[in-house]
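Structure first, commentary second.
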Amino acid sequence: MHKRCVKPSQPALLVWHVRFTSTLGTVEAAQYPAHWEADVVLSDGGTAHVRPIRPADADRLRSFYSRLSEESIYFRFFGPHPRLSDREIARFTNVDYVDRVALIATIGADMVAVIRYDRIEPGEAEVAFLVEDAHQGRGVASVLLEHLAATARERGIARFVADVLPANRKMMAVLKQVGYTAQSRFADGVVRMTLDLTPTETAQEVTASREHRAESRSIERLLSPGSVAVVGAGREPGGVGQTVLRNLLAADFTGPVYPVHREARAVAGVRAYPSVTAIDGEVDLAVLAVPADGVIEVVKECAEKGVRGLIVVSSGFGETGPEGRARQDELVRIARAYGLRVVGPNCLGIANTDSSVRLNATLAATIPGQGRVGFFSQSGALGTALLQRVAQRGMGISSFVSAGNRADVSGNDLLQYWEEDPRTDVILLYLESLGNPRKFARLARRISRRKPIVVVKSGGTTQGVPTGHAAPVLGLPDTALSSLFEQAGVIRVEDLIQQFDVAQLLAYQPLPTGPRVGLVSNSDALALLAVDACVRAGLDPRPPVNLGARAGAAEFGAALSSVVQDVDAVVVIYMPPIPGPADEVAAELLRVSRDCGKPVLATFEGKIGVPRGLRTGAAPERGSIPSYAAPEEAVRALAHVVRHARWRKQPAGVLEEIEGVDTAAARRIVLARLGRAALEDRLESRIELDPSELLACYGLTVWPAEVVGSPEEAVEAAERLGWPVVLKAADPEAAKRAGTVRLGLSGPDGVREAFAGLTEQLGSGAVLAVQRMAPQPAVPTVVSVIEDSAFGAVVSFGLGEVTARLLRDEVYRLAPLTREDAAMLVSSPRAAPLLFGGYGYPPVAVEALEDLLVRVGRLADDLPEVARLDLDPVLVGESEVIVLGARAVLSSPQGPRVDAGPRRLG
């Protein structure tokens with residue numbers, strides 16, 4: 001057997017184990033990266049913990065093996081093998097985490113599955129796995145294989161081989177369905193399967209699909225329980241537990257409800273139980289309303305009972321400080337270890353209006369009726385007010401989740417659920433932070449194509465971050481978050497009123513096909529306000545049809561029928577100075593709008609929501625006409641929806657192969673520089689790098705510039721580079737100041753004069769550089785990459801003019817970039833018309849600029865070690881793009897990027 005020591009490709013946080021003694025003698029401590037451990041969701045919605053095996057797992061392995069069927073053992077060892085010897089136990093639990101790696105899945109204290117590889121030659125390892133019979137069919141083997149493949153790639157292994165008995169169809173199915181390129185051949189009574197571990201688009205799609213189904217199922221189990229226990233439901237009215245209990249009963253929940261109280265025989269007229277384990281029926285969902293210091297003990301009882309999900313409304317956790325955060329971490333650790341998902345703690349609860357469930361496990365007595373809107377609120381205190389406002393508007397919901405501290409279940413989990421939920425057409429999110437922003441963007445970009453997502457994001461970009469979750473945008477301005485929402489098709493609004501305004505339009509009316517807006521009104525003044533609002537919002541208002549104060553149903557119906565033919569949406573304003581035939585007008589508007597296929601919205605007597613006369617049924621349904629207090633609010637909501645509809649029309653874009661890219665060479669450059677830093681004991685510091693050679697690996701050239709210390713050195717540099725030249729400040733900060741560049745220097749005297757002038761302006765210690773003069777005219781732009789701790793690689797673009805810099809006229813997109821992403825980057829800044837021939841500027845090479853952005857995005861995605869990359873300036877001329885300045889900063893990443901690699905929770 002060929003073995004070699006393969007070290008990790010990048011430094012990472014390590015988990016250490018001490019010396020131990022076994023039948024093999026004393027063995028030195030081994031180590032593995034901390035990111036090899038993960039909580040995962042299984043295909044049925046339960047959870048498990050994945051981690052490398054340890055020497056201390058010997059007894060756990062024996063117990064696991066004793067629960068296996070004879071068939072499972074036969075398939076693993078190709079024959080009867082009733083027990084593992086002490087030598088085998090020692091060998092299987094003692095691995096070096098390089099040439100021999102084993103991962104186990106645990107639920108509670110029990111091992112339920114194990115997978116391992118043993119290197120048999122450089123780049124190739126043999127793989128085998130075992131899953132306890134009681135847990136087969138839950139997707140355990142698939143998720144373990146994903147994680148083991150990721151660890152193998154880190155250790156330089158490119159292929160897995162497995163010898164499988166022909167009758168072992170389950171193992172062959174797992175190996176084939178993981179999405180990697182697989183080959184198989186039959187010889188000597190066994191099937192040898194070979195898996196190429198190179199990540200493929202198919203493998204990534206398989207992983208994402210499995211993640212989606214598993215997380216969707218885990219939320220479905222929470223929102224559609226067969227029974228609910230309320231732990232801490234006291235006898236005194238007004239208590240938290242009794243409030244939840246009474247709300248469950250008032251909603252007429254379709255399953256049994258079990259109050260749990262240590263002493264009471266009954267609560268709210270329902271038989272009570274002293275503990276969860278004493279309940280004589282199954283419990284799917286438990287609501288915990290006990291003091292924080294008693295929650296952990298109740299969670300253990302729930303795990304013993306087989307409860308599937310928890311809602312922790314109790315406070316006293318991460319929101320209270322370090323002690324509370326530690327208690328919260330312990331809560332999540334125990335719950336996930338036993339297969340439970342947790343909503344909260346410190347939350348309002350959850351609700352499901354489905355008539356087959358009728359679940360109101362919240363502290364809010366008022367729950368809106370059935371509707372097509374899914375609503376996620378991170379705030380518990382705000383949730384009650386939000387639900388009341390939704391109900392007041394007559395806008396129903398499909399389901400509601402208040403996540404509180406969001407220690408486990410997050411908005412991303414709900415997105416996975418609502419994507420498949422046939423009862424949900426529109427998704428509303430109130431967020432104070434983003435736990436996994438890159439995953440959010442990935443999910444939202446897919447889901448927004450079918451179901452609009454409307455977000456209110458409060459707290460800036462670094463506030464309200466719950467324990468256990470990364471801060472959303474460290475080092476990026478809030479405008480970056482808006483840009484990234486835009487990339488994903490998310491509708492970001494400023495406040496909750498706007499969110500409900502947009503939601504009711506999306507819930508009841510079709511999407512507009514363009515920006516043309518027709519206006520029908522009985523008030524000249526209100527019509528003019530609507531026109532002004534349209535212009536400010538970037539819409540195209542047509543001359544309003546003013547019907548006069550006495551217009552009735554016939555006039556409104558005829559006008560709407562005429563106007564709707566030549567526009568993309570219609571705003572109807574009905575505000576009679578004296579009470580008029582409102583019911584007749586509403587009925588006529590509904591009749592005309594029903595089959596027009598275009599959105600119709602109204603300011604109907606200043607009412608908010610969907611008045612009864614504008615509903616298509618007893619409750620608002622598709623085709624109902626939403627009403628707004630003022631025409632400006634209607635137009636504002638319409639503008640958001642028009643932009644979303646325009647985004648949907650754009651091609652989704654695909655990542656394509658780029659010519660002239662040598663990723664392997666680029667990685668060698670980066671790792672060599674980091675290696676030198678390690679030898680210099682500067683591995684933890686940020687390392688400056690001239691990125692010219694790195695950029696060349698991606699087909700990009702940086703024009704050379706020579707730093708000079710005297711006028712004569714400047715003249716000599718100009719002779720080498722070729723006339724004409726520029727003399728400029730070499731320091732990046734000084735270069736941002738106006739007047740620090742001297743252009744078009746065509747001779748020695750001009751260079752000397754420029755040197756003297758810049759030295760006087762910047763001071764005697766100024767660092768100057770000479771560079772060949774670029775062709776004119778050209779528009780200066782700035783391209784940057786930021787490796788954000790939460791979002792990963794982010795590409796920014798803006799114009800390089802001083803005014804644009806001062807106004808932070810920049811846009812952002814997640815790397816890697818499609819051609820469509822690059823086109824949006826170029827066209828989105830407010831100063832973008834300068835690139836397209838606006839204001840007398842000649843059109844420039846926009847396609848070449850887009851190509852540069854795609855290449856920079858590829859670099860950013862390939863190399864997480866590039867913490868910062870600035871191309872400044874990038875001159876965009878009529879026929880080419882020239883990079884005149886570039887600088888990079890490297891740092892050693894601590895493990896894989898968030899949302900990179902195999903499935904994991906958190």
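Chain labels A, B, ... are given in the sequence in which chains occur in the structure tokens; within each chain residues are numbered consecutively from 1, and ligands are likewise numbered from 1 in the order shown.
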
Exercise. If we count only C-alpha atoms, what is near segment 398-413 of chain A at a cut-off of 6 Å, once residues fewer than 3 positions away on the same chain are taken out, given as a list in words?
Worked result: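 Close residues of segment 398-413 of chain A: Glu215, Val342, Val343, Gly344, Pro345, Asn346, Cys347, Leu348, Gly349, Ile350, Ala351, Asn352, Thr353, Gln370, Gly371, Arg372, Val373, Gly374, Phe375, Phe376, Ser377, Gln378, Ser379, Gly380, Gln416, Thr424, Phe440 and Pro466 of chain A.
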
Distance table requested - segment 633-729 of chain A against segment 758-771 of chain A, cut-off 8 Å, only C-alpha atoms: one row per qualifying residue with the closest atom pair and its distance in Å to one decimal, ordered by chain and rising residue number, as a tab-separated table.
residue	atom	partner	partner_atom	distance
A:Trp703	CA	A:Gln771	CA	7.6
A:Pro704	CA	A:Gln771	CA	6.6
A:Ala705	CA	A:Gln771	CA	4.6
A:Glu706	CA	A:Ala769	CA	5.2
A:Val707	CA	A:Ala769	CA	4.1
A:Val708	CA	A:Ala769	CA	5.6
A:Gly709	CA	A:Leu768	CA	7.1
A:Ala714	CA	A:Val770	CA	6.3
A:Ala717	CA	A:Val770	CA	6.6
A:Ala718	CA	A:Val770	CA	6.6
A:Leu721	CA	A:Gln771	CA	7.0
A:Val725	CA	A:Gln771	CA	5.5
A:Val726	CA	A:Gln771	CA	5.4
A:Leu727	CA	A:Val770	CA	4.8
A:Lys728	CA	A:Ala769	CA	5.5
A:Ala729	CA	A:Leu768	CA	4.6

Write out the residues from the selection above, keeping N, CA and C atoms, as a tab-separated table (two decimals), in the first residue's frame.
chain	number	residue	atom	x	y	z
A	703	TRP	N	-0.57	47.57	-16.70
A	703	TRP	CA	0.50	48.36	-17.31
A	703	TRP	C	1.58	48.64	-16.26
A	704	PRO	N	2.85	48.44	-16.60
A	704	PRO	CA	3.91	48.65	-15.62
A	704	PRO	C	4.07	50.13	-15.26
A	705	ALA	N	4.41	50.34	-14.02
A	705	ALA	CA	4.72	51.69	-13.53
A	705	ALA	C	5.99	51.58	-12.69
A	706	GLU	N	6.88	52.53	-12.85
A	706	GLU	CA	8.16	52.51	-12.13
A	706	GLU	C	8.19	53.62	-11.08
A	707	VAL	N	8.47	53.21	-9.85
A	707	VAL	CA	8.60	54.19	-8.76
A	707	VAL	C	9.94	54.90	-8.91
A	708	VAL	N	9.94	56.21	-8.78
A	708	VAL	CA	11.15	57.01	-8.98
A	708	VAL	C	11.36	57.92	-7.78
A	709	GLY	N	12.66	58.23	-7.52
A	709	GLY	CA	12.98	59.05	-6.36
A	709	GLY	C	13.58	60.40	-6.70
A	714	ALA	N	13.07	59.69	-13.02
A	714	ALA	CA	11.81	59.77	-13.73
A	714	ALA	C	12.03	59.84	-15.23
A	717	ALA	N	13.13	56.43	-16.50
A	717	ALA	CA	12.00	55.50	-16.56
A	717	ALA	C	11.14	55.80	-17.78
A	718	ALA	N	10.94	57.08	-18.08
A	718	ALA	CA	10.14	57.44	-19.25
A	718	ALA	C	10.79	56.95	-20.53
A	721	LEU	N	10.00	53.21	-20.74
A	721	LEU	CA	8.60	52.86	-20.95
A	721	LEU	C	8.08	53.35	-22.29
A	725	VAL	N	4.38	59.97	-21.32
A	725	VAL	CA	4.19	59.31	-20.04
A	725	VAL	C	3.36	60.19	-19.11
A	726	VAL	N	2.99	59.59	-17.99
A	726	VAL	CA	2.36	60.35	-16.91
A	726	VAL	C	3.23	60.21	-15.67
A	727	LEU	N	3.18	61.20	-14.82
A	727	LEU	CA	3.83	61.15	-13.51
A	727	LEU	C	2.72	61.27	-12.48
A	728	LYS	N	2.71	60.38	-11.52
A	728	LYS	CA	1.57	60.35	-10.58
A	728	LYS	C	2.03	59.94	-9.19
A	729	ALA	N	1.16	60.20	-8.20
A	729	ALA	CA	1.41	59.74	-6.84
A	729	ALA	C	1.28	58.22	-6.81

Exercise. Within 6 Å of segment 275-287 of chain A, counting only C-alpha atoms, which residues qualify if same-chain residues fewer than 6 places away don't, as a list in words?
Worked result: Pro225, Ser227, Val228, Ala229, Val230, Val231, Val260, Lys305, Val307, Arg308, Gly309, Leu310, Ile311 and Val312 of chain A

Exercise. If you count only C-alpha atoms, which residues fall within 9 Å of segment 60-64 of chain A, apart from same-chain ones fewer than 5 positions away, as a PyMOL selection string?
Worked result: chain A and resi 83-84+89+92-93+109-114+132

List every residue of segment 473-607 of chain A that DSSP, applied to the backbone of this structure, places in helix (DSSP H, G or I), and write the result as a PDB file with N, CA and C atoms, in the first residue's frame.
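See out.pdb below for the written result:
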ATOM      1  N   ASP A 478     -24.035  49.598   3.660  1.00  0.00           N
ATOM      2  CA  ASP A 478     -25.389  49.094   3.511  1.00  0.00           C
ATOM      3  C   ASP A 478     -25.818  49.068   2.047  1.00  0.00           C
ATOM      4  N   THR A 479     -25.250  49.966   1.230  1.00  0.00           N
ATOM      5  CA  THR A 479     -25.575  49.944  -0.193  1.00  0.00           C
ATOM      6  C   THR A 479     -25.151  48.637  -0.838  1.00  0.00           C
ATOM      7  N   ALA A 480     -24.111  48.002  -0.286  1.00  0.00           N
ATOM      8  CA  ALA A 480     -23.698  46.703  -0.812  1.00  0.00           C
ATOM      9  C   ALA A 480     -24.795  45.671  -0.595  1.00  0.00           C
ATOM     10  N   LEU A 481     -25.428  45.704   0.572  1.00  0.00           N
ATOM     11  CA  LEU A 481     -26.507  44.766   0.843  1.00  0.00           C
ATOM     12  C   LEU A 481     -27.654  44.974  -0.144  1.00  0.00           C
ATOM     13  N   SER A 482     -27.973  46.235  -0.427  1.00  0.00           N
ATOM     14  CA  SER A 482     -29.030  46.513  -1.404  1.00  0.00           C
ATOM     15  C   SER A 482     -28.657  45.979  -2.777  1.00  0.00           C
ATOM     16  N   SER A 483     -27.395  46.137  -3.169  1.00  0.00           N
ATOM     17  CA  SER A 483     -26.939  45.628  -4.468  1.00  0.00           C
ATOM     18  C   SER A 483     -27.049  44.116  -4.529  1.00  0.00           C
ATOM     19  N   LEU A 484     -26.677  43.449  -3.437  1.00  0.00           N
ATOM     20  CA  LEU A 484     -26.714  41.997  -3.427  1.00  0.00           C
ATOM     21  C   LEU A 484     -28.153  41.482  -3.395  1.00  0.00           C
ATOM     22  N   PHE A 485     -29.045  42.202  -2.719  1.00  0.00           N
ATOM     23  CA  PHE A 485     -30.465  41.873  -2.797  1.00  0.00           C
ATOM     24  C   PHE A 485     -30.961  42.014  -4.232  1.00  0.00           C
ATOM     25  N   GLU A 486     -30.541  43.089  -4.883  1.00  0.00           N
ATOM     26  CA  GLU A 486     -30.954  43.315  -6.269  1.00  0.00           C
ATOM     27  C   GLU A 486     -30.470  42.183  -7.165  1.00  0.00           C
ATOM     28  N   GLN A 487     -29.241  41.737  -6.970  1.00  0.00           N
ATOM     29  CA  GLN A 487     -28.707  40.634  -7.761  1.00  0.00           C
ATOM     30  C   GLN A 487     -29.557  39.383  -7.609  1.00  0.00           C
ATOM     31  N   LEU A 496     -41.985  48.622   7.274  1.00  0.00           N
ATOM     32  CA  LEU A 496     -43.021  47.590   7.270  1.00  0.00           C
ATOM     33  C   LEU A 496     -44.260  48.009   6.505  1.00  0.00           C
ATOM     34  N   ILE A 497     -44.592  49.294   6.528  1.00  0.00           N
ATOM     35  CA  ILE A 497     -45.753  49.757   5.768  1.00  0.00           C
ATOM     36  C   ILE A 497     -45.535  49.500   4.283  1.00  0.00           C
ATOM     37  N   GLN A 498     -44.327  49.821   3.787  1.00  0.00           N
ATOM     38  CA  GLN A 498     -44.022  49.542   2.389  1.00  0.00           C
ATOM     39  C   GLN A 498     -44.073  48.047   2.116  1.00  0.00           C
ATOM     40  N   GLN A 499     -43.612  47.249   3.060  1.00  0.00           N
ATOM     41  CA  GLN A 499     -43.612  45.803   2.856  1.00  0.00           C
ATOM     42  C   GLN A 499     -45.028  45.284   2.637  1.00  0.00           C
ATOM     43  N   PHE A 500     -45.966  45.737   3.473  1.00  0.00           N
ATOM     44  CA  PHE A 500     -47.352  45.293   3.323  1.00  0.00           C
ATOM     45  C   PHE A 500     -47.970  45.875   2.056  1.00  0.00           C
ATOM     46  N   ASP A 501     -47.599  47.125   1.710  1.00  0.00           N
ATOM     47  CA  ASP A 501     -48.107  47.728   0.476  1.00  0.00           C
ATOM     48  C   ASP A 501     -47.710  46.895  -0.739  1.00  0.00           C
ATOM     49  N   VAL A 502     -46.446  46.499  -0.783  1.00  0.00           N
ATOM     50  CA  VAL A 502     -45.957  45.707  -1.912  1.00  0.00           C
ATOM     51  C   VAL A 502     -46.565  44.309  -1.880  1.00  0.00           C
ATOM     52  N   ALA A 503     -46.651  43.729  -0.686  1.00  0.00           N
ATOM     53  CA  ALA A 503     -47.144  42.355  -0.564  1.00  0.00           C
ATOM     54  C   ALA A 503     -48.574  42.222  -1.065  1.00  0.00           C
ATOM     55  N   GLN A 504     -49.435  43.169  -0.739  1.00  0.00           N
ATOM     56  CA  GLN A 504     -50.830  43.012  -1.145  1.00  0.00           C
ATOM     57  C   GLN A 504     -50.984  43.169  -2.656  1.00  0.00           C
ATOM     58  N   LEU A 505     -50.120  43.944  -3.287  1.00  0.00           N
ATOM     59  CA  LEU A 505     -50.153  44.024  -4.747  1.00  0.00           C
ATOM     60  C   LEU A 505     -49.691  42.708  -5.367  1.00  0.00           C
ATOM     61  N   LEU A 506     -48.604  42.151  -4.835  1.00  0.00           N
ATOM     62  CA  LEU A 506     -48.084  40.888  -5.357  1.00  0.00           C
ATOM     63  C   LEU A 506     -49.046  39.727  -5.104  1.00  0.00           C
ATOM     64  N   ALA A 507     -49.731  39.769  -3.970  1.00  0.00           N
ATOM     65  CA  ALA A 507     -50.582  38.650  -3.591  1.00  0.00           C
ATOM     66  C   ALA A 507     -51.835  38.557  -4.447  1.00  0.00           C
ATOM     67  N   TYR A 508     -52.337  39.702  -4.943  1.00  0.00           N
ATOM     68  CA  TYR A 508     -53.651  39.683  -5.575  1.00  0.00           C
ATOM     69  C   TYR A 508     -53.662  40.075  -7.045  1.00  0.00           C
ATOM     70  N   ASP A 524     -58.426  65.943  -9.897  1.00  0.00           N
ATOM     71  CA  ASP A 524     -57.274  66.457 -10.634  1.00  0.00           C
ATOM     72  C   ASP A 524     -56.035  66.520  -9.750  1.00  0.00           C
ATOM     73  N   ALA A 525     -56.209  66.981  -8.518  1.00  0.00           N
ATOM     74  CA  ALA A 525     -55.054  67.172  -7.632  1.00  0.00           C
ATOM     75  C   ALA A 525     -54.392  65.834  -7.312  1.00  0.00           C
ATOM     76  N   LEU A 526     -55.200  64.824  -6.985  1.00  0.00           N
ATOM     77  CA  LEU A 526     -54.628  63.523  -6.659  1.00  0.00           C
ATOM     78  C   LEU A 526     -53.993  62.873  -7.884  1.00  0.00           C
ATOM     79  N   ALA A 527     -54.568  63.101  -9.060  1.00  0.00           N
ATOM     80  CA  ALA A 527     -53.983  62.558 -10.280  1.00  0.00           C
ATOM     81  C   ALA A 527     -52.613  63.167 -10.539  1.00  0.00           C
ATOM     82  N   LEU A 528     -52.474  64.476 -10.303  1.00  0.00           N
ATOM     83  CA  LEU A 528     -51.167  65.122 -10.497  1.00  0.00           C
ATOM     84  C   LEU A 528     -50.141  64.596  -9.492  1.00  0.00           C
ATOM     85  N   LEU A 529     -50.579  64.346  -8.264  1.00  0.00           N
ATOM     86  CA  LEU A 529     -49.660  63.753  -7.286  1.00  0.00           C
ATOM     87  C   LEU A 529     -49.193  62.380  -7.755  1.00  0.00           C
ATOM     88  N   ALA A 530     -50.103  61.625  -8.329  1.00  0.00           N
ATOM     89  CA  ALA A 530     -49.736  60.301  -8.830  1.00  0.00           C
ATOM     90  C   ALA A 530     -48.765  60.399  -9.990  1.00  0.00           C
ATOM     91  N   VAL A 531     -48.970  61.371 -10.886  1.00  0.00           N
ATOM     92  CA  VAL A 531     -48.043  61.558 -12.001  1.00  0.00           C
ATOM     93  C   VAL A 531     -46.649  61.882 -11.490  1.00  0.00           C
ATOM     94  N   ASP A 532     -46.566  62.833 -10.549  1.00  0.00           N
ATOM     95  CA  ASP A 532     -45.259  63.204  -9.987  1.00  0.00           C
ATOM     96  C   ASP A 532     -44.595  61.995  -9.321  1.00  0.00           C
ATOM     97  N   ALA A 533     -45.383  61.209  -8.591  1.00  0.00           N
ATOM     98  CA  ALA A 533     -44.823  60.031  -7.919  1.00  0.00           C
ATOM     99  C   ALA A 533     -44.296  59.032  -8.943  1.00  0.00           C
ATOM    100  N   CYS A 534     -44.987  58.862 -10.053  1.00  0.00           N
ATOM    101  CA  CYS A 534     -44.524  57.948 -11.102  1.00  0.00           C
ATOM    102  C   CYS A 534     -43.188  58.400 -11.664  1.00  0.00           C
ATOM    103  N   VAL A 535     -43.071  59.685 -11.948  1.00  0.00           N
ATOM    104  CA  VAL A 535     -41.825  60.206 -12.520  1.00  0.00           C
ATOM    105  C   VAL A 535     -40.674  60.001 -11.550  1.00  0.00           C
ATOM    106  N   ARG A 536     -40.898  60.302 -10.270  1.00  0.00           N
ATOM    107  CA  ARG A 536     -39.836  60.132  -9.273  1.00  0.00           C
ATOM    108  C   ARG A 536     -39.428  58.673  -9.147  1.00  0.00           C
ATOM    109  N   ALA A 553     -70.102  54.505 -11.353  1.00  0.00           N
ATOM    110  CA  ALA A 553     -69.587  53.205 -11.766  1.00  0.00           C
ATOM    111  C   ALA A 553     -69.414  53.110 -13.275  1.00  0.00           C
ATOM    112  N   ALA A 554     -70.373  53.593 -14.024  1.00  0.00           N
ATOM    113  CA  ALA A 554     -70.290  53.472 -15.485  1.00  0.00           C
ATOM    114  C   ALA A 554     -69.090  54.226 -16.032  1.00  0.00           C
ATOM    115  N   GLU A 555     -68.870  55.450 -15.526  1.00  0.00           N
ATOM    116  CA  GLU A 555     -67.751  56.253 -16.014  1.00  0.00           C
ATOM    117  C   GLU A 555     -66.406  55.600 -15.643  1.00  0.00           C
ATOM    118  N   PHE A 556     -66.282  55.123 -14.417  1.00  0.00           N
ATOM    119  CA  PHE A 556     -65.027  54.483 -14.005  1.00  0.00           C
ATOM    120  C   PHE A 556     -64.786  53.202 -14.800  1.00  0.00           C
ATOM    121  N   GLY A 557     -65.848  52.419 -15.024  1.00  0.00           N
ATOM    122  CA  GLY A 557     -65.679  51.181 -15.769  1.00  0.00           C
ATOM    123  C   GLY A 557     -65.259  51.433 -17.201  1.00  0.00           C
ATOM    124  N   ALA A 558     -65.883  52.409 -17.867  1.00  0.00           N
ATOM    125  CA  ALA A 558     -65.531  52.711 -19.252  1.00  0.00           C
ATOM    126  C   ALA A 558     -64.111  53.246 -19.359  1.00  0.00           C
ATOM    127  N   ALA A 559     -63.735  54.118 -18.422  1.00  0.00           N
ATOM    128  CA  ALA A 559     -62.389  54.689 -18.466  1.00  0.00           C
ATOM    129  C   ALA A 559     -61.331  53.620 -18.235  1.00  0.00           C
ATOM    130  N   LEU A 560     -61.560  52.759 -17.247  1.00  0.00           N
ATOM    131  CA  LEU A 560     -60.588  51.696 -16.977  1.00  0.00           C
ATOM    132  C   LEU A 560     -60.477  50.754 -18.170  1.00  0.00           C
ATOM    133  N   SER A 561     -61.605  50.409 -18.775  1.00  0.00           N
ATOM    134  CA  SER A 561     -61.591  49.521 -19.927  1.00  0.00           C
ATOM    135  C   SER A 561     -60.797  50.107 -21.081  1.00  0.00           C
ATOM    136  N   SER A 562     -60.881  51.422 -21.259  1.00  0.00           N
ATOM    137  CA  SER A 562     -60.151  52.086 -22.346  1.00  0.00           C
ATOM    138  C   SER A 562     -58.669  52.231 -22.032  1.00  0.00           C
ATOM    139  N   VAL A 563     -58.354  52.696 -20.827  1.00  0.00           N
ATOM    140  CA  VAL A 563     -56.968  52.992 -20.461  1.00  0.00           C
ATOM    141  C   VAL A 563     -56.119  51.731 -20.400  1.00  0.00           C
ATOM    142  N   VAL A 564     -56.679  50.640 -19.886  1.00  0.00           N
ATOM    143  CA  VAL A 564     -55.890  49.444 -19.623  1.00  0.00           C
ATOM    144  C   VAL A 564     -55.352  48.820 -20.906  1.00  0.00           C
ATOM    145  N   GLN A 565     -55.926  49.187 -22.069  1.00  0.00           N
ATOM    146  CA  GLN A 565     -55.486  48.583 -23.319  1.00  0.00           C
ATOM    147  C   GLN A 565     -54.061  48.960 -23.690  1.00  0.00           C
ATOM    148  N   ASP A 566     -53.610  50.169 -23.325  1.00  0.00           N
ATOM    149  CA  ASP A 566     -52.348  50.705 -23.840  1.00  0.00           C
ATOM    150  C   ASP A 566     -51.287  50.937 -22.758  1.00  0.00           C
ATOM    151  N   ALA A 582     -70.049  53.895  -3.788  1.00  0.00           N
ATOM    152  CA  ALA A 582     -68.783  53.175  -3.692  1.00  0.00           C
ATOM    153  C   ALA A 582     -68.929  51.706  -4.057  1.00  0.00           C
ATOM    154  N   ASP A 583     -70.006  51.057  -3.590  1.00  0.00           N
ATOM    155  CA  ASP A 583     -70.154  49.627  -3.871  1.00  0.00           C
ATOM    156  C   ASP A 583     -70.301  49.380  -5.365  1.00  0.00           C
ATOM    157  N   GLU A 584     -71.059  50.229  -6.057  1.00  0.00           N
ATOM    158  CA  GLU A 584     -71.230  50.054  -7.495  1.00  0.00           C
ATOM    159  C   GLU A 584     -69.928  50.296  -8.239  1.00  0.00           C
ATOM    160  N   VAL A 585     -69.163  51.323  -7.824  1.00  0.00           N
ATOM    161  CA  VAL A 585     -67.870  51.601  -8.461  1.00  0.00           C
ATOM    162  C   VAL A 585     -66.918  50.423  -8.261  1.00  0.00           C
ATOM    163  N   ALA A 586     -66.852  49.915  -7.042  1.00  0.00           N
ATOM    164  CA  ALA A 586     -65.957  48.788  -6.755  1.00  0.00           C
ATOM    165  C   ALA A 586     -66.324  47.568  -7.593  1.00  0.00           C
ATOM    166  N   ALA A 587     -67.609  47.254  -7.676  1.00  0.00           N
ATOM    167  CA  ALA A 587     -68.032  46.095  -8.448  1.00  0.00           C
ATOM    168  C   ALA A 587     -67.665  46.244  -9.918  1.00  0.00           C
ATOM    169  N   GLU A 588     -67.808  47.459 -10.459  1.00  0.00           N
ATOM    170  CA  GLU A 588     -67.469  47.687 -11.862  1.00  0.00           C
ATOM    171  C   GLU A 588     -65.962  47.587 -12.088  1.00  0.00           C
ATOM    172  N   LEU A 589     -65.174  48.118 -11.173  1.00  0.00           N
ATOM    173  CA  LEU A 589     -63.713  48.003 -11.293  1.00  0.00           C
ATOM    174  C   LEU A 589     -63.288  46.538 -11.287  1.00  0.00           C
ATOM    175  N   LEU A 590     -63.894  45.754 -10.381  1.00  0.00           N
ATOM    176  CA  LEU A 590     -63.573  44.323 -10.339  1.00  0.00           C
ATOM    177  C   LEU A 590     -63.947  43.636 -11.648  1.00  0.00           C
ATOM    178  N   ARG A 591     -65.130  43.964 -12.183  1.00  0.00           N
ATOM    179  CA  ARG A 591     -65.590  43.314 -13.415  1.00  0.00           C
ATOM    180  C   ARG A 591     -64.656  43.600 -14.582  1.00  0.00           C
ATOM    181  N   VAL A 592     -64.230  44.853 -14.721  1.00  0.00           N
ATOM    182  CA  VAL A 592     -63.392  45.228 -15.859  1.00  0.00           C
ATOM    183  C   VAL A 592     -61.974  44.672 -15.697  1.00  0.00           C
ATOM    184  N   SER A 593     -61.460  44.679 -14.466  1.00  0.00           N
ATOM    185  CA  SER A 593     -60.059  44.288 -14.247  1.00  0.00           C
ATOM    186  C   SER A 593     -59.855  42.787 -14.233  1.00  0.00           C
TER     187      SER A 593
END
